[in-house]
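J.: Mind looking over this structure? Questions follow.
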Number of protein chains: 2
Amino acid sequence: MFNLFFTHVQEKVLLSTAEQELVKNYFIPKKLRKKQYLLQEGDVCKYLSFVEKGLLRSYNVDDKGLEHMIQFAWEGWWIADTYSFLSGESAAYNIDAIEDAELLMITLPHFEEMTLKVPKMERYFRILFQNNIIAKERRLISSNTYSAEEKYTKLAETQPQLIQRIPQNLIASYLGITPETLSRIRKNITLKK
Amino acid sequence: MFNLFFTHVQEKVLLSTAEQELVKNYFIPKKLRKKQYLLQEGDVCKYLSFVEKGLLRSYNVDDKGLEHMIQFAWEGWWIADTYSFLSGESAAYNIDAIEDAELLMITLPHFEEMTLKVPKMERYFRILFQNNIIAKERRLISSNTYSAEEKYTKLAETQPQLIQRIPQNLIASYLGITPETLSRIRKNITLKK
DNA sequence: CGGATCGTTGATCAACTTCAACGGTCGTGG
DNA sequence: CCACGACCGTTGAAGTTGATCAACGATCCG
């Protein structure tokens with residue numbers, strides 16, 4: 001169950017066997033069925049979750065009832081409503097499974113304790129968060145700079161796995177465009193070739 | 001020079017006098033004149049900078065020569081091309097001063113050493129990065145969900161200081177709209193009242 | 001098998017951009 | 001210290017991009 005987890009952690013920091021054991025005990029395993037919620041808007045996000053297997057998404061719903069993707073998370077990614085998890089306020093996002101999933105979850109008190117007891121995990125998360133910031137910055141630039149077609153093309157270049165694995169309407173929402181527009185863009189691109 | 005710096009750090013973690021002294025020694029003070037570059041695209045971002053005084057911005061320039069704001073940083077904020085700073089690759093962003101500024105800068109080797117020697121600083125940055133992620137997520141949602149007018153209104157509500165202190169054309173770029181559109185939006189809003 | 005959901009296509013519409021022009025202000029060099 | 005140029009915000013008119021509304025076939029799942 002922890003195979004992928006430790007592989008990923010060890011890419012950034014090296015844990016002793018004792019530290020690994022300590023870390024393990026803070027996590028709760030959980031299985032999730034396709035379409036099942038991990039978190040619903042309004043609830044407090046009690047867990048930060050590592051995806052061992054499967055595929056999840058986080059998204060918010062606007063006044064008009066439209067969904068806007070925040071993030072996709074598959075094997076090796078973390079997911080939560082970061083703000084709700086850290087502040088204890090109710091969540092603005094929903095999280096659910098696009099494919100059946102297996103998770104490793106940790107609560108905030110355990111997270112705080114773990115990062116204090118195992119400073120390498122503090123470091124791991126600092127690095128993780130850094131990389132997340134970089135990724136979000138890029139997405140933001142992309143969103144503010146490029147046309148719908150350019151955004152899609154860049155995504156297809158940099159994250160081809162995402163295009164392959166995730167339904168088209170969710171990709172559209174992730175890019176901040178309508179499914180119709182994305183469909184037309186894809187048609188347009190194949191015509192060009 | 002370090003007044004604001006330690007005020008800000010102490011809001012998140014408590015440092016002993018000895019730790020403060022240790023931390024101080026890793027930083028280099030620097031003054032910057034209005035319009036002066038701290039970083040130019042193509043150079044490596046050697047420093048992570050804390051703003052003691054003044055106002056800076058980071059932005060990138062697209063193929064058509066248009067600027068896109070990434071971030072503004074005034075008293076109490078940090079600024080860098082995060083990716084370049086951490087990876088040593090050349091920077092995609094420019095950073096310059098909108099107002100005369102005083103900075104405290106740290107190099108990556110010193111940053112790594114400091115966070116290892118003073119784990120509280122590791123924690124400080126982990127928290128800082130967390131908050132940054134939350135802010136970037138919100139901006140991204142805002143960018144993908146709302147109309148130009150809604151984006152501006154929300155910004156004016158949540159960051160009124162920003163509206164007051166930063167030239168309108170830069171705010172437009174920050175919101176991913178043209179200066180003309182922002183001008184019309186503002187006119188429109190005052191008409192409504 | 002039947003209903004729901006998804007991707008596609010067409011037609012129309014609204015939001016925002018682009019291009020152009022003008023007045024005001026700021027700061028810089030003579 | 002003044003004058004000039006550069007830059008900024010504003011306004012107007014026209015153009016473009018992407019959203020919206022609607023309809024249809026295909027596929028998936030129960």
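Scheme for the structure tokens: letters A, B, ... for chains in order shown; per-chain residue numbers from 1; ligand numbers from 1 in order shown.
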Would you give me, as a list of chain:residue names, the residues of chain B that come within 8 Å of chain A, using only C-alpha atoms?

T.: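 Putting it all together, I get B:Asp62, B:His68, B:Ile70, B:Thr82, B:Tyr83, B:Pro119, B:Glu122, B:Arg123, B:Phe125, B:Arg126, B:Phe129, B:Gln130, B:Asn131, B:Asn132, B:Ile133, B:Ile134, B:Lys136, B:Glu137, B:Arg139, B:Leu140, B:Ile141, B:Ser143, B:Asn144, B:Thr145, B:Leu175, B:Gly176, B:Ile177.
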
J.: Please build the interface table for chain C against chain B with a cut-off of 12 Å, listing for each qualifying residue the nearest atom pair and the distance in Å to one decimal; count only C-alpha atoms (C1' of nucleotides), order rows by chain and increasing number, and write it as CSV.

T.:
residue,atom,partner,partner_atom,distance
C:DA14,C1',B:Ser147,CA,11.5
C:DA15,C1',B:Ser147,CA,8.3
C:DC16,C1',B:Thr181,CA,7.2
C:DT17,C1',B:Thr178,CA,7.5
C:DT18,C1',B:Thr178,CA,9.9
C:DC19,C1',B:Glu180,CA,11.5

J.: Give the strand (DSSP E) residues of segment 61-182 of chain A, as assigned by DSSP on the backbone, as a ChimeraX atom specification.

T.: /A:61,67-74,78-79,94-107

J.: Counting only C-alpha atoms (C1' of nucleotides), which residues from chain B have an atom at most 12 Å from any atom of chain D, and could you show them as an MDAnalysis selection string?

T.: chainID B and resid 147 167:170 172 179:187

J.: For those residues, write N, CA and C atoms to a file as a JSON list (two decimals), in the first residue's frame.

T.:
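Saved as part.json:
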[["chain", "number", "residue", "atom", "x", "y", "z"],
["B", 147, "SER", "N", -16.21, 37.11, -15.28],
["B", 147, "SER", "CA", -16.04, 38.10, -16.34],
["B", 147, "SER", "C", -15.02, 39.13, -15.89],
["B", 167, "PRO", "N", -0.38, 51.16, -10.63],
["B", 167, "PRO", "CA", -0.90, 51.78, -11.86],
["B", 167, "PRO", "C", -1.93, 50.89, -12.56],
["B", 168, "GLN", "N", -2.89, 51.53, -13.17],
["B", 168, "GLN", "CA", -4.03, 50.82, -13.72],
["B", 168, "GLN", "C", -3.67, 49.84, -14.84],
["B", 169, "ASN", "N", -2.71, 50.23, -15.65],
["B", 169, "ASN", "CA", -2.34, 49.33, -16.74],
["B", 169, "ASN", "C", -1.69, 48.04, -16.22],
["B", 170, "LEU", "N", -1.03, 48.13, -15.09],
["B", 170, "LEU", "CA", -0.44, 46.93, -14.50],
["B", 170, "LEU", "C", -1.50, 46.04, -13.86],
["B", 172, "ALA", "N", -4.53, 45.85, -14.97],
["B", 172, "ALA", "CA", -5.18, 45.21, -16.13],
["B", 172, "ALA", "C", -4.40, 43.96, -16.53],
["B", 179, "PRO", "N", -5.87, 47.35, -20.87],
["B", 179, "PRO", "CA", -6.07, 48.60, -20.13],
["B", 179, "PRO", "C", -7.36, 49.28, -20.56],
["B", 180, "GLU", "N", -7.69, 49.22, -21.82],
["B", 180, "GLU", "CA", -8.93, 49.85, -22.31],
["B", 180, "GLU", "C", -10.15, 49.23, -21.63],
["B", 181, "THR", "N", -10.17, 47.92, -21.60],
["B", 181, "THR", "CA", -11.29, 47.22, -20.96],
["B", 181, "THR", "C", -11.40, 47.62, -19.49],
["B", 182, "LEU", "N", -10.28, 47.67, -18.81],
["B", 182, "LEU", "CA", -10.33, 48.04, -17.39],
["B", 182, "LEU", "C", -10.86, 49.46, -17.22],
["B", 183, "SER", "N", -10.41, 50.36, -18.07],
["B", 183, "SER", "CA", -10.87, 51.75, -18.01],
["B", 183, "SER", "C", -12.40, 51.80, -18.16],
["B", 184, "ARG", "N", -12.92, 51.07, -19.13],
["B", 184, "ARG", "CA", -14.37, 51.05, -19.36],
["B", 184, "ARG", "C", -15.11, 50.43, -18.17],
["B", 185, "ILE", "N", -14.54, 49.39, -17.61],
["B", 185, "ILE", "CA", -15.15, 48.73, -16.45],
["B", 185, "ILE", "C", -15.27, 49.72, -15.29],
["B", 186, "ARG", "N", -14.20, 50.44, -15.05],
["B", 186, "ARG", "CA", -14.20, 51.40, -13.94],
["B", 186, "ARG", "C", -15.23, 52.50, -14.16],
["B", 187, "LYS", "N", -15.31, 52.97, -15.39],
["B", 187, "LYS", "CA", -16.31, 53.98, -15.73],
["B", 187, "LYS", "C", -17.72, 53.44, -15.45]]

J.: Skipping near chain neighbours, those fewer than 6 positions away, what residues fall within 8 Å of Tyr47 of chain A using only C-alpha atoms (C1' of nucleotides), listed as a VMD selection string?

T.: chain A and resid 80 85 105 to 108

J.: Step one, run DSSP on the backbone; step two, keep only residues of segment 47-157 of chain A assigned to alpha helix (DSSP H); then write them as a ChimeraX atom specification.

T.: /A:82-87,108-117,119-145,148-157

J.: Output chain B as a PDB file with C-alpha atoms, in the first residue's frame, after least-squares fitting it to chain A on all in-order C-alpha pairs.

T.:
ATOM      1  CA  MET B   1      -0.014   0.023  -0.034  1.00  0.00           C
ATOM      2  CA  PHE B   2       2.839   2.414   0.724  1.00  0.00           C
ATOM      3  CA  ASN B   3       5.008   1.425  -2.228  1.00  0.00           C
ATOM      4  CA  LEU B   4       4.318   4.371  -4.447  1.00  0.00           C
ATOM      5  CA  PHE B   5       4.173   6.703  -1.475  1.00  0.00           C
ATOM      6  CA  PHE B   6       7.715   6.033  -0.300  1.00  0.00           C
ATOM      7  CA  THR B   7       9.032   5.947  -3.835  1.00  0.00           C
ATOM      8  CA  HIS B   8       7.769   9.470  -4.249  1.00  0.00           C
ATOM      9  CA  VAL B   9       8.953  10.737  -0.897  1.00  0.00           C
ATOM     10  CA  GLN B  10      12.407   9.241  -1.419  1.00  0.00           C
ATOM     11  CA  GLU B  11      12.777  11.169  -4.651  1.00  0.00           C
ATOM     12  CA  LYS B  12      12.992  14.301  -2.539  1.00  0.00           C
ATOM     13  CA  VAL B  13      14.282  13.221   0.895  1.00  0.00           C
ATOM     14  CA  LEU B  14      15.878  10.039   2.236  1.00  0.00           C
ATOM     15  CA  LEU B  15      14.108   8.423   5.167  1.00  0.00           C
ATOM     16  CA  SER B  16      15.594   5.806   7.492  1.00  0.00           C
ATOM     17  CA  THR B  17      13.566   2.641   8.095  1.00  0.00           C
ATOM     18  CA  ALA B  18      12.650   3.952  11.537  1.00  0.00           C
ATOM     19  CA  GLU B  19      11.419   7.226  10.049  1.00  0.00           C
ATOM     20  CA  GLN B  20       9.407   5.338   7.458  1.00  0.00           C
ATOM     21  CA  GLU B  21       7.687   3.339  10.174  1.00  0.00           C
ATOM     22  CA  LEU B  22       6.934   6.513  12.106  1.00  0.00           C
ATOM     23  CA  VAL B  23       5.502   8.213   9.026  1.00  0.00           C
ATOM     24  CA  LYS B  24       3.374   5.201   8.060  1.00  0.00           C
ATOM     25  CA  ASN B  25       1.487   5.328  11.322  1.00  0.00           C
ATOM     26  CA  TYR B  26       0.144   8.784  10.660  1.00  0.00           C
ATOM     27  CA  PHE B  27      -1.701   7.727   7.515  1.00  0.00           C
ATOM     28  CA  ILE B  28      -5.116   6.168   7.055  1.00  0.00           C
ATOM     29  CA  PRO B  29      -5.761   4.093   3.920  1.00  0.00           C
ATOM     30  CA  LYS B  30      -9.028   4.583   2.059  1.00  0.00           C
ATOM     31  CA  LYS B  31     -10.665   3.233  -1.080  1.00  0.00           C
ATOM     32  CA  LEU B  32     -12.941   5.333  -3.209  1.00  0.00           C
ATOM     33  CA  ARG B  33     -15.365   4.263  -5.940  1.00  0.00           C
ATOM     34  CA  LYS B  34     -15.781   6.180  -9.173  1.00  0.00           C
ATOM     35  CA  LYS B  35     -18.049   9.245  -8.700  1.00  0.00           C
ATOM     36  CA  GLN B  36     -17.737   8.956  -4.918  1.00  0.00           C
ATOM     37  CA  TYR B  37     -17.059  12.175  -3.009  1.00  0.00           C
ATOM     38  CA  LEU B  38     -13.964  12.588  -0.903  1.00  0.00           C
ATOM     39  CA  LEU B  39     -15.040  16.085   0.055  1.00  0.00           C
ATOM     40  CA  GLN B  40     -18.157  18.140  -0.492  1.00  0.00           C
ATOM     41  CA  GLU B  41     -18.379  21.901  -0.530  1.00  0.00           C
ATOM     42  CA  GLY B  42     -19.382  23.161   2.895  1.00  0.00           C
ATOM     43  CA  ASP B  43     -17.780  20.314   4.821  1.00  0.00           C
ATOM     44  CA  VAL B  44     -14.393  20.746   6.431  1.00  0.00           C
ATOM     45  CA  CYS B  45     -11.529  19.105   4.557  1.00  0.00           C
ATOM     46  CA  LYS B  46     -10.189  16.852   7.289  1.00  0.00           C
ATOM     47  CA  TYR B  47      -7.564  15.057   5.247  1.00  0.00           C
ATOM     48  CA  LEU B  48      -4.667  15.636   2.949  1.00  0.00           C
ATOM     49  CA  SER B  49      -4.634  12.633   0.615  1.00  0.00           C
ATOM     50  CA  PHE B  50      -1.952  10.898  -1.390  1.00  0.00           C
ATOM     51  CA  VAL B  51      -3.197   8.982  -4.433  1.00  0.00           C
ATOM     52  CA  GLU B  52      -1.730   5.473  -4.534  1.00  0.00           C
ATOM     53  CA  LYS B  53      -4.013   4.415  -7.360  1.00  0.00           C
ATOM     54  CA  GLY B  54      -6.765   5.904  -9.472  1.00  0.00           C
ATOM     55  CA  LEU B  55      -7.788   9.420 -10.427  1.00  0.00           C
ATOM     56  CA  LEU B  56      -9.485  12.258  -8.563  1.00  0.00           C
ATOM     57  CA  ARG B  57     -10.415  15.825  -9.269  1.00  0.00           C
ATOM     58  CA  SER B  58     -11.095  18.908  -7.197  1.00  0.00           C
ATOM     59  CA  TYR B  59     -13.425  21.594  -8.484  1.00  0.00           C
ATOM     60  CA  ASN B  60     -15.695  24.350  -7.391  1.00  0.00           C
ATOM     61  CA  VAL B  61     -19.196  25.198  -8.527  1.00  0.00           C
ATOM     62  CA  ASP B  62     -20.099  28.781  -9.368  1.00  0.00           C
ATOM     63  CA  ASP B  63     -23.383  30.678  -8.894  1.00  0.00           C
ATOM     64  CA  LYS B  64     -24.678  29.416 -12.226  1.00  0.00           C
ATOM     65  CA  GLY B  65     -23.996  25.798 -11.264  1.00  0.00           C
ATOM     66  CA  LEU B  66     -20.986  25.462 -13.557  1.00  0.00           C
ATOM     67  CA  GLU B  67     -18.033  23.359 -12.419  1.00  0.00           C
ATOM     68  CA  HIS B  68     -14.486  24.688 -12.573  1.00  0.00           C
ATOM     69  CA  MET B  69     -11.619  22.217 -12.245  1.00  0.00           C
ATOM     70  CA  ILE B  70      -8.917  23.127  -9.767  1.00  0.00           C
ATOM     71  CA  GLN B  71      -6.771  20.058 -10.052  1.00  0.00           C
ATOM     72  CA  PHE B  72      -6.553  16.475 -11.198  1.00  0.00           C
ATOM     73  CA  ALA B  73      -4.662  13.979  -9.064  1.00  0.00           C
ATOM     74  CA  TRP B  74      -3.579  10.504 -10.039  1.00  0.00           C
ATOM     75  CA  GLU B  75      -0.919   8.064  -8.846  1.00  0.00           C
ATOM     76  CA  GLY B  76       1.748   9.995  -6.988  1.00  0.00           C
ATOM     77  CA  TRP B  77      -0.200  13.239  -6.466  1.00  0.00           C
ATOM     78  CA  TRP B  78      -1.615  14.855  -3.355  1.00  0.00           C
ATOM     79  CA  ILE B  79      -5.065  16.363  -3.132  1.00  0.00           C
ATOM     80  CA  ALA B  80      -7.080  18.429  -0.655  1.00  0.00           C
ATOM     81  CA  ASP B  81      -8.874  21.715  -0.337  1.00  0.00           C
ATOM     82  CA  THR B  82      -5.663  23.257   0.921  1.00  0.00           C
ATOM     83  CA  TYR B  83      -7.308  26.253   2.517  1.00  0.00           C
ATOM     84  CA  SER B  84     -10.003  24.290   4.317  1.00  0.00           C
ATOM     85  CA  PHE B  85      -7.556  21.618   5.430  1.00  0.00           C
ATOM     86  CA  LEU B  86      -5.175  24.135   6.967  1.00  0.00           C
ATOM     87  CA  SER B  87      -7.655  26.617   8.381  1.00  0.00           C
ATOM     88  CA  GLY B  88     -10.471  24.317   9.481  1.00  0.00           C
ATOM     89  CA  GLU B  89     -12.957  26.538   7.628  1.00  0.00           C
ATOM     90  CA  SER B  90     -15.570  24.873   5.441  1.00  0.00           C
ATOM     91  CA  ALA B  91     -14.445  23.870   1.984  1.00  0.00           C
ATOM     92  CA  ALA B  92     -15.169  25.817  -1.186  1.00  0.00           C
ATOM     93  CA  TYR B  93     -14.271  22.846  -3.375  1.00  0.00           C
ATOM     94  CA  ASN B  94     -15.585  19.393  -4.067  1.00  0.00           C
ATOM     95  CA  ILE B  95     -13.312  16.423  -4.515  1.00  0.00           C
ATOM     96  CA  ASP B  96     -14.463  13.188  -6.111  1.00  0.00           C
ATOM     97  CA  ALA B  97     -13.123  10.159  -7.945  1.00  0.00           C
ATOM     98  CA  ILE B  98     -13.035  10.055 -11.738  1.00  0.00           C
ATOM     99  CA  GLU B  99     -11.716   6.476 -11.513  1.00  0.00           C
ATOM    100  CA  ASP B 100     -11.749   4.014  -8.589  1.00  0.00           C
ATOM    101  CA  ALA B 101      -8.984   5.092  -6.240  1.00  0.00           C
ATOM    102  CA  GLU B 102      -6.844   4.106  -3.280  1.00  0.00           C
ATOM    103  CA  LEU B 103      -5.693   6.858  -0.957  1.00  0.00           C
ATOM    104  CA  LEU B 104      -3.435   7.462   2.003  1.00  0.00           C
ATOM    105  CA  MET B 105      -4.886  10.183   4.177  1.00  0.00           C
ATOM    106  CA  ILE B 106      -3.532  12.278   7.010  1.00  0.00           C
ATOM    107  CA  THR B 107      -5.305  14.692   9.368  1.00  0.00           C
ATOM    108  CA  LEU B 108      -4.004  18.172  10.125  1.00  0.00           C
ATOM    109  CA  PRO B 109      -2.944  17.382  13.744  1.00  0.00           C
ATOM    110  CA  HIS B 110      -1.069  14.325  12.493  1.00  0.00           C
ATOM    111  CA  PHE B 111       0.401  16.332   9.657  1.00  0.00           C
ATOM    112  CA  GLU B 112       1.705  18.981  12.051  1.00  0.00           C
ATOM    113  CA  GLU B 113       3.064  16.334  14.424  1.00  0.00           C
ATOM    114  CA  MET B 114       4.680  14.371  11.634  1.00  0.00           C
ATOM    115  CA  THR B 115       6.426  17.373  10.135  1.00  0.00           C
ATOM    116  CA  LEU B 116       7.762  18.326  13.568  1.00  0.00           C
ATOM    117  CA  LYS B 117       8.913  14.801  14.469  1.00  0.00           C
ATOM    118  CA  VAL B 118      10.330  14.015  11.060  1.00  0.00           C
ATOM    119  CA  PRO B 119      11.913  17.208   9.749  1.00  0.00           C
ATOM    120  CA  LYS B 120      12.643  15.484   6.470  1.00  0.00           C
ATOM    121  CA  MET B 121       8.919  15.345   5.873  1.00  0.00           C
ATOM    122  CA  GLU B 122       8.705  19.055   6.565  1.00  0.00           C
ATOM    123  CA  ARG B 123      11.325  19.455   3.892  1.00  0.00           C
ATOM    124  CA  TYR B 124       9.490  17.091   1.562  1.00  0.00           C
ATOM    125  CA  PHE B 125       6.342  19.170   1.800  1.00  0.00           C
ATOM    126  CA  ARG B 126       8.181  22.437   1.462  1.00  0.00           C
ATOM    127  CA  ILE B 127       9.644  21.151  -1.816  1.00  0.00           C
ATOM    128  CA  LEU B 128       6.284  19.774  -2.890  1.00  0.00           C
ATOM    129  CA  PHE B 129       4.590  23.084  -2.227  1.00  0.00           C
ATOM    130  CA  GLN B 130       7.317  24.945  -4.082  1.00  0.00           C
ATOM    131  CA  ASN B 131       6.712  22.827  -7.143  1.00  0.00           C
ATOM    132  CA  ASN B 132       3.014  23.323  -6.815  1.00  0.00           C
ATOM    133  CA  ILE B 133       3.486  27.091  -6.806  1.00  0.00           C
ATOM    134  CA  ILE B 134       5.561  26.889  -9.969  1.00  0.00           C
ATOM    135  CA  ALA B 135       2.899  24.791 -11.674  1.00  0.00           C
ATOM    136  CA  LYS B 136       0.091  27.119 -10.605  1.00  0.00           C
ATOM    137  CA  GLU B 137       2.036  30.149 -11.814  1.00  0.00           C
ATOM    138  CA  ARG B 138       2.459  28.558 -15.208  1.00  0.00           C
ATOM    139  CA  ARG B 139      -1.203  27.743 -15.436  1.00  0.00           C
ATOM    140  CA  LEU B 140      -2.078  31.283 -14.498  1.00  0.00           C
ATOM    141  CA  ILE B 141       0.208  32.768 -17.130  1.00  0.00           C
ATOM    142  CA  SER B 142      -1.194  30.364 -19.662  1.00  0.00           C
ATOM    143  CA  SER B 143      -4.702  31.367 -18.683  1.00  0.00           C
ATOM    144  CA  ASN B 144      -3.988  35.102 -18.959  1.00  0.00           C
ATOM    145  CA  THR B 145      -1.735  35.043 -22.021  1.00  0.00           C
ATOM    146  CA  TYR B 146      -2.914  32.530 -24.550  1.00  0.00           C
ATOM    147  CA  SER B 147      -5.939  31.877 -26.715  1.00  0.00           C
ATOM    148  CA  ALA B 148      -8.086  28.824 -26.106  1.00  0.00           C
ATOM    149  CA  GLU B 149      -6.344  26.911 -28.873  1.00  0.00           C
ATOM    150  CA  GLU B 150      -2.870  27.831 -27.610  1.00  0.00           C
ATOM    151  CA  LYS B 151      -3.806  26.799 -24.077  1.00  0.00           C
ATOM    152  CA  TYR B 152      -4.982  23.416 -25.277  1.00  0.00           C
ATOM    153  CA  THR B 153      -1.953  22.859 -27.487  1.00  0.00           C
ATOM    154  CA  LYS B 154       0.439  23.715 -24.665  1.00  0.00           C
ATOM    155  CA  LEU B 155      -1.406  21.400 -22.322  1.00  0.00           C
ATOM    156  CA  ALA B 156      -1.293  18.589 -24.847  1.00  0.00           C
ATOM    157  CA  GLU B 157       2.454  19.092 -25.217  1.00  0.00           C
ATOM    158  CA  THR B 158       3.318  19.352 -21.541  1.00  0.00           C
ATOM    159  CA  GLN B 159       0.767  16.924 -20.073  1.00  0.00           C
ATOM    160  CA  PRO B 160      -0.188  14.381 -22.731  1.00  0.00           C
ATOM    161  CA  GLN B 161      -1.182  11.834 -20.073  1.00  0.00           C
ATOM    162  CA  LEU B 162      -3.799  14.265 -18.859  1.00  0.00           C
ATOM    163  CA  ILE B 163      -5.371  14.558 -22.314  1.00  0.00           C
ATOM    164  CA  GLN B 164      -5.474  10.798 -22.678  1.00  0.00           C
ATOM    165  CA  ARG B 165      -6.886   9.938 -19.306  1.00  0.00           C
ATOM    166  CA  ILE B 166      -9.374  12.691 -18.585  1.00  0.00           C
ATOM    167  CA  PRO B 167     -12.792  13.239 -20.225  1.00  0.00           C
ATOM    168  CA  GLN B 168     -12.880  16.126 -22.644  1.00  0.00           C
ATOM    169  CA  ASN B 169     -15.502  18.160 -20.842  1.00  0.00           C
ATOM    170  CA  LEU B 170     -13.370  18.151 -17.709  1.00  0.00           C
ATOM    171  CA  ILE B 171     -10.329  19.263 -19.652  1.00  0.00           C
ATOM    172  CA  ALA B 172     -12.388  22.115 -21.076  1.00  0.00           C
ATOM    173  CA  SER B 173     -13.351  23.170 -17.580  1.00  0.00           C
ATOM    174  CA  TYR B 174      -9.712  22.894 -16.478  1.00  0.00           C
ATOM    175  CA  LEU B 175      -8.733  25.282 -19.282  1.00  0.00           C
ATOM    176  CA  GLY B 176     -11.592  27.633 -18.504  1.00  0.00           C
ATOM    177  CA  ILE B 177     -13.357  27.155 -21.839  1.00  0.00           C
ATOM    178  CA  THR B 178     -16.625  25.499 -22.887  1.00  0.00           C
ATOM    179  CA  PRO B 179     -16.762  21.868 -24.097  1.00  0.00           C
ATOM    180  CA  GLU B 180     -18.057  23.107 -27.453  1.00  0.00           C
ATOM    181  CA  THR B 181     -15.062  25.356 -27.946  1.00  0.00           C
ATOM    182  CA  LEU B 182     -12.680  22.546 -27.066  1.00  0.00           C
ATOM    183  CA  SER B 183     -14.409  20.206 -29.501  1.00  0.00           C
ATOM    184  CA  ARG B 184     -14.035  22.772 -32.297  1.00  0.00           C
ATOM    185  CA  ILE B 185     -10.394  23.384 -31.395  1.00  0.00           C
ATOM    186  CA  ARG B 186      -9.615  19.691 -31.610  1.00  0.00           C
ATOM    187  CA  LYS B 187     -11.351  19.416 -34.953  1.00  0.00           C
ATOM    188  CA  ASN B 188      -9.424  22.434 -36.159  1.00  0.00           C
ATOM    189  CA  ILE B 189      -6.094  20.950 -35.091  1.00  0.00           C
ATOM    190  CA  THR B 190      -6.696  17.639 -36.860  1.00  0.00           C
ATOM    191  CA  LEU B 191      -7.717  19.527 -40.003  1.00  0.00           C
ATOM    192  CA  LYS B 192      -4.439  21.426 -39.982  1.00  0.00           C
ATOM    193  CA  LYS B 193      -2.357  18.264 -40.077  1.00  0.00           C
TER     194      LYS B 193
END
